[in-house]
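Visitor: Submitted below is the structure of interest, expressed as structure tokens.
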Amino acid sequence: MIIITGAAGFIGSCLVGKLNAEGFTDLILVDDFSFPDKQKNLEGKKYNKLVHRDEFDTWLREHHRFVQFVFHIGARTDTTEFDKGVFDRLNLNYSKTVWNTCVEFGLPLVYASSAATYGLGEHGYTDSHEIIPSLKPLNPYGESKNDFDKWALEQEHKPYFWAGLKFFNVYGPNEYHKGRMASVIFHTFRQVKEKGSVNLFRSHNPKYKDGEQLRDFVYVKDLVEVCYFLLHHRKDSGIYNLGSGKARTFLDLANATFKAMGVVPNIHFVDTPVDIRDKYQYFTEADMRKLASIGYDIPFHSLEKGVSDYVQNYLAGGQYF
């Protein structure tokens with residue numbers, strides 16, 4: 001059995017799709033399955049059992065002998081949520097329980113961290129373990145992810161193989177349910193369909209022109225490919241960046257979306273919402289040398305190719321991965 005937490009969500013359901021495509025169907029899917037807008041993410045997928053996240057630790061203790069791998073993808077990912085208690089419960093403490101149970105029963109673990117841990121990038125974007133205690137995330141979500149990374153590194157007892165993956169700006173199919181937290185590509189597609197134009201955030205940093213804020217956008221298909229590699233690799237434990245390795249502007253992203261839709265670009269700028277303005281990352285770019293150093297050599301999608309596939313094969317027809 002392979003376990004995927006957060007299995008009804010964006011990245012988790014894409015990982016289920018990838019594993020199914022590779023012939024893996026003895027999957028245990030863990031999540032809170034009470035949200036109707038997530039149900040389509042799992043339609044047509046093959047799995048063994050659904051386990052509610054609150055019952056997962058009990059279930060794992062009873063069935064650990066049959067489990068070969070744990071992907072802990074589930075988390076509260078809302079960067080506009082500022083109740084630290086929510087993140088302590090769902091991200092930090094829940095992840096500690098998963099980790100400790102994997103240690104107890106000798107199970108390999110891959111868990112989702114985040115590029116939000118890097119804050120304003122004062123220490124760069126290298127996935128060196130040495131800088132993790134010095135990082136200053138900009139919101140409680142990023143803090144919860146960095147707090148767990150720090151805790152994991154401090155543990156005397158670790159799973160025989162473990163990897164924390166710092167996801168950068170992930171986009172791709174199965175994010176229909178994410179609302180405000182969906183990718184800019186998703187929102188661009190919707191805005192262009194509805195009104196023929198798109199609004200991007202204006203820059204409030206004099207170092208960047210409007211639309212030239214830079215992010216590392218990574219296609220979810222590349223992300224689950226890395227997860228699949230680690231399922232078989234099972235050595236070189238540690239925390240790894242998972243981005244494309246190439247920062248691109250929001251204008252690049254918007255123009256790629258217009259091109260994939262066959263529409264002439266029509267771009268306007270609006271003020272960044274006040275509640276996130278002072279916590280806005282103007283530049284992120286994953287240093288991907290560490291992952292390459294352990295033998296991962298599958299090329300990542302360029303922004304243009306990833307956006308084209310996402311728009312034409314998923315968004316245009318409301319399809320799922």
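Quick note on naming: the chains in the structure tokens go A, B, ... in the order shown, residues restart at 1 in each chain, and ligands are numbered from 1 in order of appearance.
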Would you mind writing down, as an NGL selection string, each residue of stretch 170-261 of chain A that DSSP on the backbone assigns to helix (DSSP H, G or I)?

Guide: :A and (176-181 or 184-195 or 220-233 or 250-261)

Visitor: Taking a cut-off of 10 Å and counting only C-alpha atoms, can you build a table that, for each residue of stretch 202-264 of chain A near stretch 176-196 of chain A, reports the nearest atom pair and how far apart they are in Å (one decimal), sorted by chain then residue number, as a tab-separated table?

Guide:
residue	atom	partner	partner_atom	distance
A:Phe217	CA	A:Ser183	CA	9.3
A:Phe250	CA	A:Val184	CA	8.2
A:Leu253	CA	A:Ile185	CA	6.9
A:Ala254	CA	A:Thr188	CA	6.7
A:Asn255	CA	A:Thr188	CA	9.7
A:Ala256	CA	A:Ile185	CA	9.0
A:Thr257	CA	A:Ile185	CA	6.7
A:Phe258	CA	A:Val192	CA	7.9
A:Ala260	CA	A:Phe189	CA	9.6
A:Met261	CA	A:Phe189	CA	8.0
A:Val263	CA	A:Gly196	CA	8.0
A:Val264	CA	A:Gly196	CA	8.7

Visitor: Can you write just those residues out, N, CA, C and O atoms, as a PDB file, in the first residue's frame?

Guide:
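Saved as part-v5.pdb:
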ATOM      1  N   PHE A 217       7.500  29.292 -11.284  1.00  0.00           N
ATOM      2  CA  PHE A 217       6.266  28.557 -11.541  1.00  0.00           C
ATOM      3  C   PHE A 217       6.614  27.133 -11.960  1.00  0.00           C
ATOM      4  O   PHE A 217       7.377  26.923 -12.903  1.00  0.00           O
ATOM      5  N   PHE A 250       5.178  37.600 -14.100  1.00  0.00           N
ATOM      6  CA  PHE A 250       3.742  37.390 -14.234  1.00  0.00           C
ATOM      7  C   PHE A 250       3.264  37.804 -15.626  1.00  0.00           C
ATOM      8  O   PHE A 250       2.278  37.260 -16.136  1.00  0.00           O
ATOM      9  N   LEU A 253       3.741  34.811 -17.756  1.00  0.00           N
ATOM     10  CA  LEU A 253       2.682  33.849 -17.468  1.00  0.00           C
ATOM     11  C   LEU A 253       1.372  34.243 -18.157  1.00  0.00           C
ATOM     12  O   LEU A 253       0.722  33.418 -18.808  1.00  0.00           O
ATOM     13  N   ALA A 254       0.996  35.514 -18.022  1.00  0.00           N
ATOM     14  CA  ALA A 254      -0.248  35.975 -18.633  1.00  0.00           C
ATOM     15  C   ALA A 254      -0.189  35.865 -20.152  1.00  0.00           C
ATOM     16  O   ALA A 254      -1.140  35.392 -20.793  1.00  0.00           O
ATOM     17  N   ASN A 255       0.920  36.272 -20.737  1.00  0.00           N
ATOM     18  CA  ASN A 255       1.048  36.190 -22.198  1.00  0.00           C
ATOM     19  C   ASN A 255       1.006  34.750 -22.687  1.00  0.00           C
ATOM     20  O   ASN A 255       0.423  34.455 -23.740  1.00  0.00           O
ATOM     21  N   ALA A 256       1.603  33.831 -21.937  1.00  0.00           N
ATOM     22  CA  ALA A 256       1.562  32.419 -22.313  1.00  0.00           C
ATOM     23  C   ALA A 256       0.129  31.891 -22.261  1.00  0.00           C
ATOM     24  O   ALA A 256      -0.284  31.066 -23.093  1.00  0.00           O
ATOM     25  N   THR A 257      -0.634  32.364 -21.279  1.00  0.00           N
ATOM     26  CA  THR A 257      -2.025  31.930 -21.159  1.00  0.00           C
ATOM     27  C   THR A 257      -2.858  32.468 -22.314  1.00  0.00           C
ATOM     28  O   THR A 257      -3.652  31.729 -22.924  1.00  0.00           O
ATOM     29  N   PHE A 258      -2.701  33.749 -22.639  1.00  0.00           N
ATOM     30  CA  PHE A 258      -3.406  34.310 -23.793  1.00  0.00           C
ATOM     31  C   PHE A 258      -3.063  33.541 -25.070  1.00  0.00           C
ATOM     32  O   PHE A 258      -3.939  33.215 -25.874  1.00  0.00           O
ATOM     33  N   ALA A 260      -2.012  30.420 -25.395  1.00  0.00           N
ATOM     34  CA  ALA A 260      -2.602  29.086 -25.359  1.00  0.00           C
ATOM     35  C   ALA A 260      -4.101  29.125 -25.649  1.00  0.00           C
ATOM     36  O   ALA A 260      -4.664  28.161 -26.180  1.00  0.00           O
ATOM     37  N   MET A 261      -4.741  30.262 -25.327  1.00  0.00           N
ATOM     38  CA  MET A 261      -6.173  30.422 -25.579  1.00  0.00           C
ATOM     39  C   MET A 261      -6.464  30.982 -26.965  1.00  0.00           C
ATOM     40  O   MET A 261      -7.624  31.044 -27.385  1.00  0.00           O
ATOM     41  N   VAL A 263      -5.941  34.150 -27.869  1.00  0.00           N
ATOM     42  CA  VAL A 263      -6.551  35.459 -27.646  1.00  0.00           C
ATOM     43  C   VAL A 263      -5.455  36.520 -27.595  1.00  0.00           C
ATOM     44  O   VAL A 263      -4.375  36.288 -27.036  1.00  0.00           O
ATOM     45  N   VAL A 264      -5.719  37.689 -28.161  1.00  0.00           N
ATOM     46  CA  VAL A 264      -4.764  38.793 -28.112  1.00  0.00           C
ATOM     47  C   VAL A 264      -4.632  39.278 -26.671  1.00  0.00           C
ATOM     48  O   VAL A 264      -5.650  39.508 -25.995  1.00  0.00           O
TER      49      VAL A 264
END

Visitor: Considering only C-alpha atoms, can you say which of A:Tyr310, A:Gly6, A:Lys279, A:His232 comes closest to A:Pro137?

Guide: A:Lys279

Visitor: List the neighbours of A:Phe283 out to 12 Å using only C-alpha atoms; skip same-chain residues closer than 4 positions along the sequence, and give me the result as a PyMOL selection string.

Guide: chain A and resi 115-116+118-122+124-125+168-169+203+205+207-208+211-217+246-250

Visitor: Output N, CA and C atoms for every residue in the selection just made, as an mmCIF file, in the first residue's frame.

Guide:
data_model
loop_
_atom_site.group_PDB
_atom_site.id
_atom_site.type_symbol
_atom_site.label_atom_id
_atom_site.label_comp_id
_atom_site.auth_asym_id
_atom_site.auth_seq_id
_atom_site.Cartn_x
_atom_site.Cartn_y
_atom_site.Cartn_z
ATOM 1 N N ALA A 115 8.039 26.833 -0.549
ATOM 2 C CA ALA A 115 8.926 27.967 -0.783
ATOM 3 C C ALA A 115 8.516 29.179 0.046
ATOM 4 N N ALA A 116 7.317 29.140 0.634
ATOM 5 C CA ALA A 116 6.902 30.223 1.534
ATOM 6 C C ALA A 116 7.830 30.321 2.742
ATOM 7 N N TYR A 118 10.914 30.684 2.643
ATOM 8 C CA TYR A 118 12.047 31.559 2.331
ATOM 9 C C TYR A 118 11.771 33.034 2.612
ATOM 10 N N GLY A 119 10.524 33.384 2.892
ATOM 11 C CA GLY A 119 10.215 34.785 3.174
ATOM 12 C C GLY A 119 10.582 35.685 2.015
ATOM 13 N N LEU A 120 11.292 36.762 2.306
ATOM 14 C CA LEU A 120 11.696 37.705 1.258
ATOM 15 C C LEU A 120 12.962 37.262 0.526
ATOM 16 N N GLY A 121 13.472 36.099 0.870
ATOM 17 C CA GLY A 121 14.655 35.580 0.190
ATOM 18 C C GLY A 121 15.957 36.199 0.669
ATOM 19 N N GLU A 122 15.950 36.698 1.888
ATOM 20 C CA GLU A 122 17.161 37.343 2.420
ATOM 21 C C GLU A 122 18.359 36.403 2.431
ATOM 22 N N GLY A 124 18.637 33.829 0.270
ATOM 23 C CA GLY A 124 18.670 33.125 -0.996
ATOM 24 C C GLY A 124 17.659 31.994 -1.033
ATOM 25 N N TYR A 125 17.748 31.184 -2.072
ATOM 26 C CA TYR A 125 16.789 30.097 -2.271
ATOM 27 C C TYR A 125 17.501 28.757 -2.440
ATOM 28 N N PHE A 168 7.433 25.269 -4.913
ATOM 29 C CA PHE A 168 7.382 26.678 -5.294
ATOM 30 C C PHE A 168 5.979 26.981 -5.828
ATOM 31 N N ASN A 169 5.798 27.826 -6.822
ATOM 32 C CA ASN A 169 4.452 28.204 -7.276
ATOM 33 C C ASN A 169 3.896 27.138 -8.218
ATOM 34 N N SER A 203 2.943 46.418 -9.054
ATOM 35 C CA SER A 203 4.106 46.352 -8.172
ATOM 36 C C SER A 203 4.073 47.505 -7.176
ATOM 37 N N ASN A 205 6.809 47.759 -5.234
ATOM 38 C CA ASN A 205 8.243 47.743 -4.944
ATOM 39 C C ASN A 205 8.949 48.462 -6.088
ATOM 40 N N LYS A 207 11.775 48.434 -7.204
ATOM 41 C CA LYS A 207 12.756 47.633 -7.944
ATOM 42 C C LYS A 207 12.122 46.827 -9.078
ATOM 43 N N TYR A 208 10.788 46.742 -9.071
ATOM 44 C CA TYR A 208 10.094 45.919 -10.065
ATOM 45 C C TYR A 208 9.008 46.736 -10.759
ATOM 46 N N GLY A 211 3.913 43.911 -13.198
ATOM 47 C CA GLY A 211 3.884 42.658 -13.947
ATOM 48 C C GLY A 211 5.225 41.978 -14.070
ATOM 49 N N GLU A 212 6.282 42.628 -13.604
ATOM 50 C CA GLU A 212 7.611 42.034 -13.728
ATOM 51 C C GLU A 212 8.101 41.416 -12.412
ATOM 52 N N GLN A 213 7.175 41.239 -11.465
ATOM 53 C CA GLN A 213 7.489 40.444 -10.291
ATOM 54 C C GLN A 213 7.814 39.026 -10.775
ATOM 55 N N LEU A 214 8.789 38.403 -10.146
ATOM 56 C CA LEU A 214 9.310 37.123 -10.625
ATOM 57 C C LEU A 214 8.994 35.995 -9.653
ATOM 58 N N ARG A 215 8.505 34.897 -10.196
ATOM 59 C CA ARG A 215 8.249 33.708 -9.387
ATOM 60 C C ARG A 215 8.741 32.471 -10.141
ATOM 61 N N ASP A 216 9.009 31.433 -9.371
ATOM 62 C CA ASP A 216 9.351 30.143 -9.954
ATOM 63 C C ASP A 216 8.061 29.340 -10.071
ATOM 64 N N PHE A 217 7.500 29.292 -11.284
ATOM 65 C CA PHE A 217 6.266 28.557 -11.541
ATOM 66 C C PHE A 217 6.614 27.133 -11.960
ATOM 67 N N LYS A 246 13.727 28.217 -12.686
ATOM 68 C CA LYS A 246 13.796 29.403 -13.546
ATOM 69 C C LYS A 246 12.699 30.386 -13.167
ATOM 70 N N ALA A 247 13.073 31.557 -12.657
ATOM 71 C CA ALA A 247 12.091 32.586 -12.327
ATOM 72 C C ALA A 247 11.550 33.233 -13.601
ATOM 73 N N ARG A 248 10.245 33.445 -13.641
ATOM 74 C CA ARG A 248 9.602 34.100 -14.786
ATOM 75 C C ARG A 248 8.645 35.169 -14.277
ATOM 76 N N THR A 249 8.358 36.153 -15.113
ATOM 77 C CA THR A 249 7.487 37.240 -14.693
ATOM 78 C C THR A 249 6.016 36.856 -14.830
ATOM 79 N N PHE A 250 5.178 37.600 -14.100
ATOM 80 C CA PHE A 250 3.742 37.390 -14.234
ATOM 81 C C PHE A 250 3.264 37.804 -15.626
#

Visitor: Skip A:Gln68 itself and residues of its chain fewer than 2 positions away, then list as a list in words all residues within 10 Å of it, counting only C-alpha atoms.

Guide: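 So the residues in contact are Met1, Ile2, Ile3, His64, Arg65, Phe66, Val70, Gly106, Leu107, Pro108, Leu109 and Leu231 of chain A.
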
Visitor: Please identify all polymer residues within 10 Å of A:Asp149, counting only C-alpha atoms, omitting same-chain residues fewer than 6 positions from it, and present them as a compact mmCIF listing (two decimals) with N, CA and C atoms, in the first residue's frame.

Guide:
# COMPACT_ATOMS: atom_id res chain seq x y z
N LEU A 92 1.75 21.72 11.60
CA LEU A 92 2.88 21.37 12.44
C LEU A 92 2.65 20.09 13.26
N TYR A 111 7.26 14.45 2.55
CA TYR A 111 6.26 15.41 2.99
C TYR A 111 6.40 16.73 2.24
N ALA A 112 5.31 17.48 2.22
CA ALA A 112 5.27 18.76 1.51
C ALA A 112 5.71 19.89 2.42
N SER A 113 6.80 20.55 2.04
CA SER A 113 7.16 21.83 2.64
C SER A 113 6.78 22.90 1.62
N SER A 114 7.40 24.07 1.68
CA SER A 114 6.96 25.16 0.81
C SER A 114 8.04 26.21 0.62
N THR A 117 8.59 29.26 3.01
CA THR A 117 9.54 29.29 4.13
C THR A 117 10.65 30.31 3.91
N HIS A 129 20.46 22.78 4.47
CA HIS A 129 19.87 22.64 5.81
C HIS A 129 20.37 23.73 6.76
N ILE A 132 18.08 26.93 7.23
CA ILE A 132 16.67 26.78 7.62
C ILE A 132 16.36 27.44 8.96
N PRO A 133 17.21 27.34 10.00
CA PRO A 133 16.89 28.02 11.27
C PRO A 133 16.85 29.54 11.16
N GLU A 143 5.43 29.98 8.22
CA GLU A 143 6.04 29.69 9.52
C GLU A 143 5.79 28.24 9.92
N GLY A 164 11.70 16.23 2.57
CA GLY A 164 10.78 17.36 2.62
C GLY A 164 10.93 18.14 1.32
N LEU A 165 9.84 18.39 0.63
CA LEU A 165 9.89 19.04 -0.68
C LEU A 165 9.34 20.46 -0.58
N LYS A 166 10.20 21.44 -0.86
CA LYS A 166 9.77 22.84 -0.82
C LYS A 166 9.12 23.20 -2.16
N GLY A 238 16.64 14.24 3.10
CA GLY A 238 16.87 15.65 3.34
C GLY A 238 15.75 16.51 2.80
N ILE A 239 15.95 17.82 2.87
CA ILE A 239 14.97 18.80 2.38
C ILE A 239 15.43 19.31 1.02

Visitor: Report the distance between atom CA of A:Leu50 and atom CA of A:Phe33 in Å, rounded to one decimal place.

Guide: 8.4 Å
